[in-house]
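Dumped query_8.tsv below, it's TSV, C-alpha atoms:
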```tsv
chain	number	residue	atom	x	y	z
A	246	MET	CA	20.42	73.99	33.25
A	247	LYS	CA	17.76	71.41	33.85
A	248	ARG	CA	16.79	69.31	30.91
A	249	PRO	CA	13.22	69.80	29.76
A	250	THR	CA	11.07	66.80	30.70
A	251	ARG	CA	8.94	67.08	27.61
A	252	ASN	CA	10.33	64.04	25.92
A	253	LYS	CA	9.84	61.81	28.87
A	254	ARG	CA	7.20	59.23	28.22
A	255	ARG	CA	4.23	59.89	30.38
A	256	PRO	CA	2.77	56.85	32.08
A	257	VAL	CA	-0.62	55.97	30.67
A	258	TYR	CA	-3.15	55.46	33.37
A	259	GLN	CA	-5.91	53.12	32.46
A	260	LYS	CA	-8.72	52.21	34.70
A	261	GLN	CA	-8.27	48.64	35.84
A	262	LYS	CA	-10.99	46.50	34.40
A	263	MET	CA	-12.58	44.20	36.90
A	264	CYS	CA	-14.13	40.85	36.30
A	265	ARG	CA	-17.76	41.33	37.14
A	266	PHE	CA	-18.16	37.84	38.51
A	267	CYS	CA	-15.01	37.98	40.63
A	268	SER	CA	-15.99	41.23	42.29
A	269	ASP	CA	-19.55	40.14	42.98
A	270	SER	CA	-19.80	36.60	44.25
A	271	ASN	CA	-23.59	36.73	44.26
A	272	LEU	CA	-23.68	36.96	40.49
A	273	GLN	CA	-24.03	33.56	38.91
A	274	ILE	CA	-23.37	32.60	35.34
A	275	GLU	CA	-26.38	30.70	34.13
A	276	TYR	CA	-27.30	29.84	30.60
A	277	LYS	CA	-30.95	30.57	31.30
A	278	ASP	CA	-30.26	34.05	32.61
A	279	TYR	CA	-30.55	36.32	29.60
A	280	SER	CA	-30.32	39.55	31.59
A	281	THR	CA	-26.75	38.81	32.74
A	282	LEU	CA	-25.50	37.17	29.58
A	283	ARG	CA	-26.69	39.97	27.37
A	284	HIS	CA	-23.92	42.22	28.72
A	285	PHE	CA	-21.36	39.86	27.22
A	286	VAL	CA	-22.85	39.77	23.75
A	287	THR	CA	-22.73	42.52	21.14
A	288	ASP	CA	-25.80	43.84	19.39
A	289	ARG	CA	-24.86	41.56	16.54
A	290	GLY	CA	-24.87	38.56	18.82
A	291	LYS	CA	-21.12	38.09	19.03
A	292	ILE	CA	-19.41	37.15	22.26
A	293	ILE	CA	-17.47	40.12	23.63
A	294	PRO	CA	-13.76	39.30	24.05
A	295	ARG	CA	-12.06	39.26	27.40
A	296	ARG	CA	-9.83	42.21	26.61
A	297	ILE	CA	-12.89	44.40	26.23
A	298	SER	CA	-15.27	43.02	28.82
A	299	GLY	CA	-12.48	42.66	31.42
A	300	SER	CA	-13.61	39.28	32.68
A	301	CYS	CA	-11.04	36.86	34.03
A	302	ALA	CA	-10.11	33.74	32.10
A	303	LYS	CA	-12.06	31.40	34.31
A	304	HIS	CA	-15.28	33.36	34.10
A	305	GLN	CA	-14.90	34.13	30.42
A	306	ARG	CA	-14.79	30.40	29.80
A	307	GLU	CA	-17.98	29.95	31.78
A	308	ILE	CA	-19.65	32.88	30.02
A	309	THR	CA	-18.80	31.48	26.60
A	310	ARG	CA	-20.17	28.10	27.55
A	311	ALA	CA	-23.35	29.66	28.90
A	312	ILE	CA	-23.83	31.83	25.82
A	313	LYS	CA	-23.40	28.91	23.47
A	314	ARG	CA	-25.83	26.87	25.50
A	315	ALA	CA	-28.32	29.73	25.54
A	316	ARG	CA	-28.00	30.08	21.77
A	317	SER	CA	-28.97	26.48	21.26
A	318	ILE	CA	-32.26	27.00	23.04
A	319	ALA	CA	-33.04	30.30	21.30
A	320	ILE	CA	-32.55	32.51	24.34
A	321	ILE	CA	-29.69	34.36	22.66
A	322	PRO	CA	-29.51	34.79	18.88
A	323	PHE	CA	-26.67	33.32	16.84
A	324	THR	CA	-26.60	36.35	14.59
A	325	VAL	CA	-28.57	39.54	14.30
A	326	THR	CA	-28.94	40.87	10.80
A	327	SER	CA	-29.95	44.47	10.34
A	328	ALA	CA	-33.59	44.66	9.44
B	19	MET	CA	-27.92	8.62	40.54
B	20	ARG	CA	-27.34	11.50	38.20
B	21	GLY	CA	-29.27	14.66	37.72
B	22	TYR	CA	-30.16	16.19	34.41
B	23	GLU	CA	-31.78	19.43	33.53
B	24	LEU	CA	-34.03	19.16	30.53
B	25	CYS	CA	-35.05	22.15	28.54
B	26	LEU	CA	-38.17	21.82	26.46
B	27	ILE	CA	-39.45	24.24	23.90
B	28	LEU	CA	-43.00	23.36	22.98
B	29	GLN	CA	-45.21	24.86	20.33
B	30	HIS	CA	-46.83	27.94	21.76
B	31	GLU	CA	-50.27	26.83	20.67
B	32	THR	CA	-50.08	23.85	23.04
B	33	SER	CA	-52.73	24.22	25.70
B	34	GLU	CA	-51.91	24.22	29.41
B	35	GLU	CA	-53.73	20.93	29.95
B	36	ASN	CA	-51.74	19.39	27.17
B	37	ILE	CA	-48.51	20.58	28.72
B	38	ASP	CA	-49.51	19.27	32.14
B	39	GLN	CA	-50.38	15.98	30.55
B	40	LYS	CA	-47.01	15.83	28.87
B	41	ILE	CA	-45.26	16.50	32.14
B	42	ASN	CA	-47.33	13.82	33.85
B	43	ASN	CA	-46.38	11.39	31.11
B	44	LEU	CA	-42.80	12.33	31.64
B	45	LYS	CA	-43.16	11.74	35.35
B	46	GLU	CA	-44.64	8.29	34.85
B	47	LYS	CA	-42.05	7.40	32.27
B	48	ALA	CA	-39.21	8.51	34.51
B	49	ALA	CA	-40.68	6.69	37.51
B	50	SER	CA	-41.04	3.47	35.52
B	51	ILE	CA	-37.30	3.37	34.85
B	52	GLY	CA	-36.18	4.44	38.27
B	53	GLY	CA	-35.95	8.15	37.71
B	54	GLU	CA	-37.65	11.01	39.44
B	55	ILE	CA	-38.65	14.53	38.55
B	56	ILE	CA	-37.46	16.85	41.27
B	57	LYS	CA	-38.20	20.24	39.83
B	58	ILE	CA	-40.41	21.78	37.18
B	59	GLU	CA	-39.91	25.31	36.03
B	60	LYS	CA	-42.34	26.80	33.57
B	61	TRP	CA	-41.42	29.99	31.84
B	62	GLY	CA	-44.46	30.10	29.66
B	63	LYS	CA	-44.70	31.60	26.22
B	64	ARG	CA	-41.74	33.56	24.98
B	65	SER	CA	-40.62	34.74	21.61
B	66	LEU	CA	-37.71	32.76	20.23
B	67	LYS	CA	-34.60	34.63	19.14
B	68	TYR	CA	-34.65	32.74	15.88
B	69	ALA	CA	-37.24	30.62	14.20
B	70	ILE	CA	-37.31	26.94	15.11
B	71	LYS	CA	-39.38	24.77	12.77
B	72	LYS	CA	-40.81	28.00	11.33
B	73	GLN	CA	-42.12	29.02	14.74
B	74	GLN	CA	-41.33	32.41	16.23
B	75	LYS	CA	-42.75	31.66	19.65
B	76	GLY	CA	-42.39	28.80	22.04
B	77	TYR	CA	-43.43	27.54	25.43
B	78	TYR	CA	-40.39	27.10	27.65
B	79	CYS	CA	-40.27	24.46	30.32
B	80	PHE	CA	-37.33	23.27	32.39
B	81	VAL	CA	-37.48	19.94	34.15
B	82	THR	CA	-34.89	18.51	36.50
B	83	VAL	CA	-34.74	14.74	36.50
B	84	THR	CA	-32.67	12.28	38.46
B	85	GLY	CA	-31.85	8.92	37.01
B	86	ASP	CA	-29.27	7.24	34.87
B	87	ASN	CA	-28.60	7.28	31.17
B	88	SER	CA	-31.37	4.79	30.37
B	89	THR	CA	-33.89	7.20	31.90
B	90	LEU	CA	-32.52	9.92	29.70
B	91	HIS	CA	-32.66	7.75	26.59
B	92	GLU	CA	-36.31	6.94	27.22
B	93	ILE	CA	-37.15	10.58	27.76
B	94	GLU	CA	-35.24	11.57	24.68
B	95	ARG	CA	-37.18	9.07	22.61
B	96	MET	CA	-40.42	10.58	23.89
B	97	PHE	CA	-39.42	14.03	22.71
B	98	LYS	CA	-38.02	12.88	19.41
B	99	TYR	CA	-41.35	11.64	18.13
B	100	ASP	CA	-43.41	14.39	19.65
B	101	GLU	CA	-44.46	16.91	17.04
B	102	SER	CA	-45.20	19.62	19.55
B	103	VAL	CA	-41.66	19.64	20.92
B	104	LEU	CA	-39.77	22.24	18.93
B	105	ARG	CA	-36.49	21.63	20.69
B	106	TYR	CA	-35.15	19.79	23.68
B	107	SER	CA	-31.79	19.80	25.31
B	108	TYR	CA	-30.38	18.38	28.48
B	109	LEU	CA	-27.54	19.22	30.74
B	110	ARG	CA	-25.91	16.97	33.27
B	111	LEU	CA	-25.83	18.46	36.73
B	112	THR	CA	-23.14	17.94	39.31
B	113	GLU	CA	-24.02	16.07	42.49
B	114	ALA	CA	-23.77	19.26	44.49
B	115	GLU	CA	-26.26	20.98	42.20
B	116	VAL	CA	-28.70	18.08	42.50
B	117	THR	CA	-28.58	18.04	46.29
B	118	ALA	CA	-29.01	21.81	46.34
B	119	ILE	CA	-32.12	21.52	44.17
B	120	ILE	CA	-33.57	18.72	46.30
B	121	LYS	CA	-32.95	20.76	49.43
B	122	SER	CA	-34.54	23.87	47.97
B	123	GLN	CA	-37.60	21.87	46.88
B	124	GLU	CA	-38.13	20.13	50.21
B	125	PRO	CA	-39.80	22.96	52.15
B	126	ALA	CA	-42.13	23.57	49.22
B	127	LYS	CA	-43.17	19.93	49.28
B	128	THR	CA	-43.82	19.67	53.00
B	129	ALA	CA	-45.67	22.97	53.46
B	130	ASP	CA	-48.41	23.03	50.85
B	131	ALA	CA	-49.75	26.34	52.03
B	132	GLU	CA	-46.47	28.05	51.40
B	133	PRO	CA	-46.61	29.69	48.01
B	134	LEU	CA	-43.86	28.80	45.59
B	135	THR	CA	-41.87	31.49	43.90
B	136	LYS	CA	-43.30	32.79	40.68
B	137	ILE	CA	-40.91	30.98	38.43
B	138	GLU	CA	-41.28	27.59	40.05
B	139	LYS	CA	-44.71	26.23	39.57
B	140	THR	CA	-45.89	22.73	40.22
B	141	PRO	CA	-48.21	21.34	37.56
B	142	ALA	CA	-51.22	21.92	39.79
B	143	GLU	CA	-50.55	25.62	40.07
B	144	THR	CA	-50.64	26.73	36.49
B	145	ASP	CA	-53.61	29.04	36.62
B	146	GLU	CA	-51.36	32.06	36.55
B	147	PRO	CA	-51.89	34.08	33.38
B	148	VAL	CA	-49.14	33.81	30.84
B	149	ALA	CA	-48.09	36.83	28.86
B	150	GLU	CA	-49.11	36.15	25.30
B	151	GLU	CA	-47.25	38.96	23.62
B	152	ALA	CA	-43.78	39.09	25.06
B	153	SER	CA	-41.82	42.06	23.86
B	154	ASP	CA	-38.06	42.19	24.34
B	155	ASN	CA	-38.36	44.31	27.47
B	156	SER	CA	-40.88	42.17	29.24
B	157	GLU	CA	-38.78	39.15	28.41
B	158	THR	CA	-35.83	40.38	30.36
B	159	ALA	CA	-38.13	41.22	33.24
B	160	ASP	CA	-39.44	37.68	33.16
B	161	ILE	CA	-36.08	36.14	33.73
B	162	GLU	CA	-34.93	38.55	36.37
B	163	ILE	CA	-37.36	37.15	38.92
```
For this file, write the structure as structure tokens.
Amino acid sequence: MKRPTRNKRRPVYQKQKMCRFCSDSNLQIEYKDYSTLRHFVTDRGKIIPRRISGSCAKHQREITRAIKRARSIAIIPFTVTSA
Amino acid sequence: MRGYELCLILQHETSEENIDQKINNLKEKAASIGGEIIKIEKWGKRSLKYAIKKQQKGYYCFVTVTGDNSTLHEIERMFKYDESVLRYSYLRLTEAEVTAIIKSQEPAKTADAEPLTKIEKTPAETDEPVAEEASDNSETADIEI
């Protein structure tokens, strides 16, 4: 008799996250560009980690630098406190 | 010769003439020490994401300057003692970035009739109305140009 396959661990398929800047070479990381950077910041103003945003190490470094630069000139908030 | 990008946040009450005058001063100052202003980008009035010197709004202006560190020191001293400058920052550009900017500015300089893009205005062309009340949505639209 064939063994039931119930106990076999099913492979978990997860959609491969793509680095947005690797897949689209036209997109530039610029500290002045709020509309792009805002996707990498939470509502609270925190920088979204790589494991969630899916960006590659190189671009994450650039994003972080840009966000910090943008914070210093009040384009992006440091923190957002609930009103 | 190095290139620097200066970011200026001025008090939003500063009048256009005053801003133009400041930029002209900056130009003269830079020229006197061997620097040159190659690009001026005026964003106009925008709300700040946090208060700077108790101000919620500011006039954003980005200026690209070539020169060496003495040019930068002189410029920095100008801003330091200027009450209307809420914040300034500068960023050193790579040589490739500087040449790219110079190249992109060249056609605008030679052909006067050719209109510049909305975001890049020379001091003479400031008669465009500036949005006084910038909500969060219009802000993002501003930058997307």
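Nearest to Ile51 (chain B) of all the residues B:Glu113, B:His91, B:Glu124, B:Leu104 is B:His91, based on all atoms listed in the file.
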For this session: Please measure the separation of CA of Thr281 (chain A) and CA of Arg296 (chain A), giving the value in Å to one decimal.
Result: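 For CA of Thr281 (chain A) relative to CA of Arg296 (chain A), the distance reads 18.3 Å.
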Problem set entry | Selected residue of minimal separation from Arg316 (chain A) among A:Ala302, A:Ile293, A:Leu282, A:Leu272, counting all atoms listed in the file |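 For Arg316 (chain A), the nearest of the given residues is A:Leu282.
Residue nearest chain B within the list A:Ser280, A:Lys303, A:Val257, A:Cys264: A:Ser280 [criterion: smallest interatomic distance, all atoms listed in the file].
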For this session: Show me which bits of chain A are within 9 Å of chain B, counting all atoms listed in the file, as a PyMOL selection string.
Result: chain A and resi 277-281+316-324
Problem set entry | Nearest residue to Lys57 (chain B) from the set B:Thr82, B:Ser102, B:Asn87, B:Ser33 (distances using only C-alpha atoms) |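 Checking each of B:Thr82, B:Ser102, B:Asn87, B:Ser33 against Lys57 (chain B), counting only C-alpha atoms, the winner is B:Thr82.
Straight-line separation from CA of Asp269 (chain A) to CA of Arg295 (chain A): 17.3 Å.
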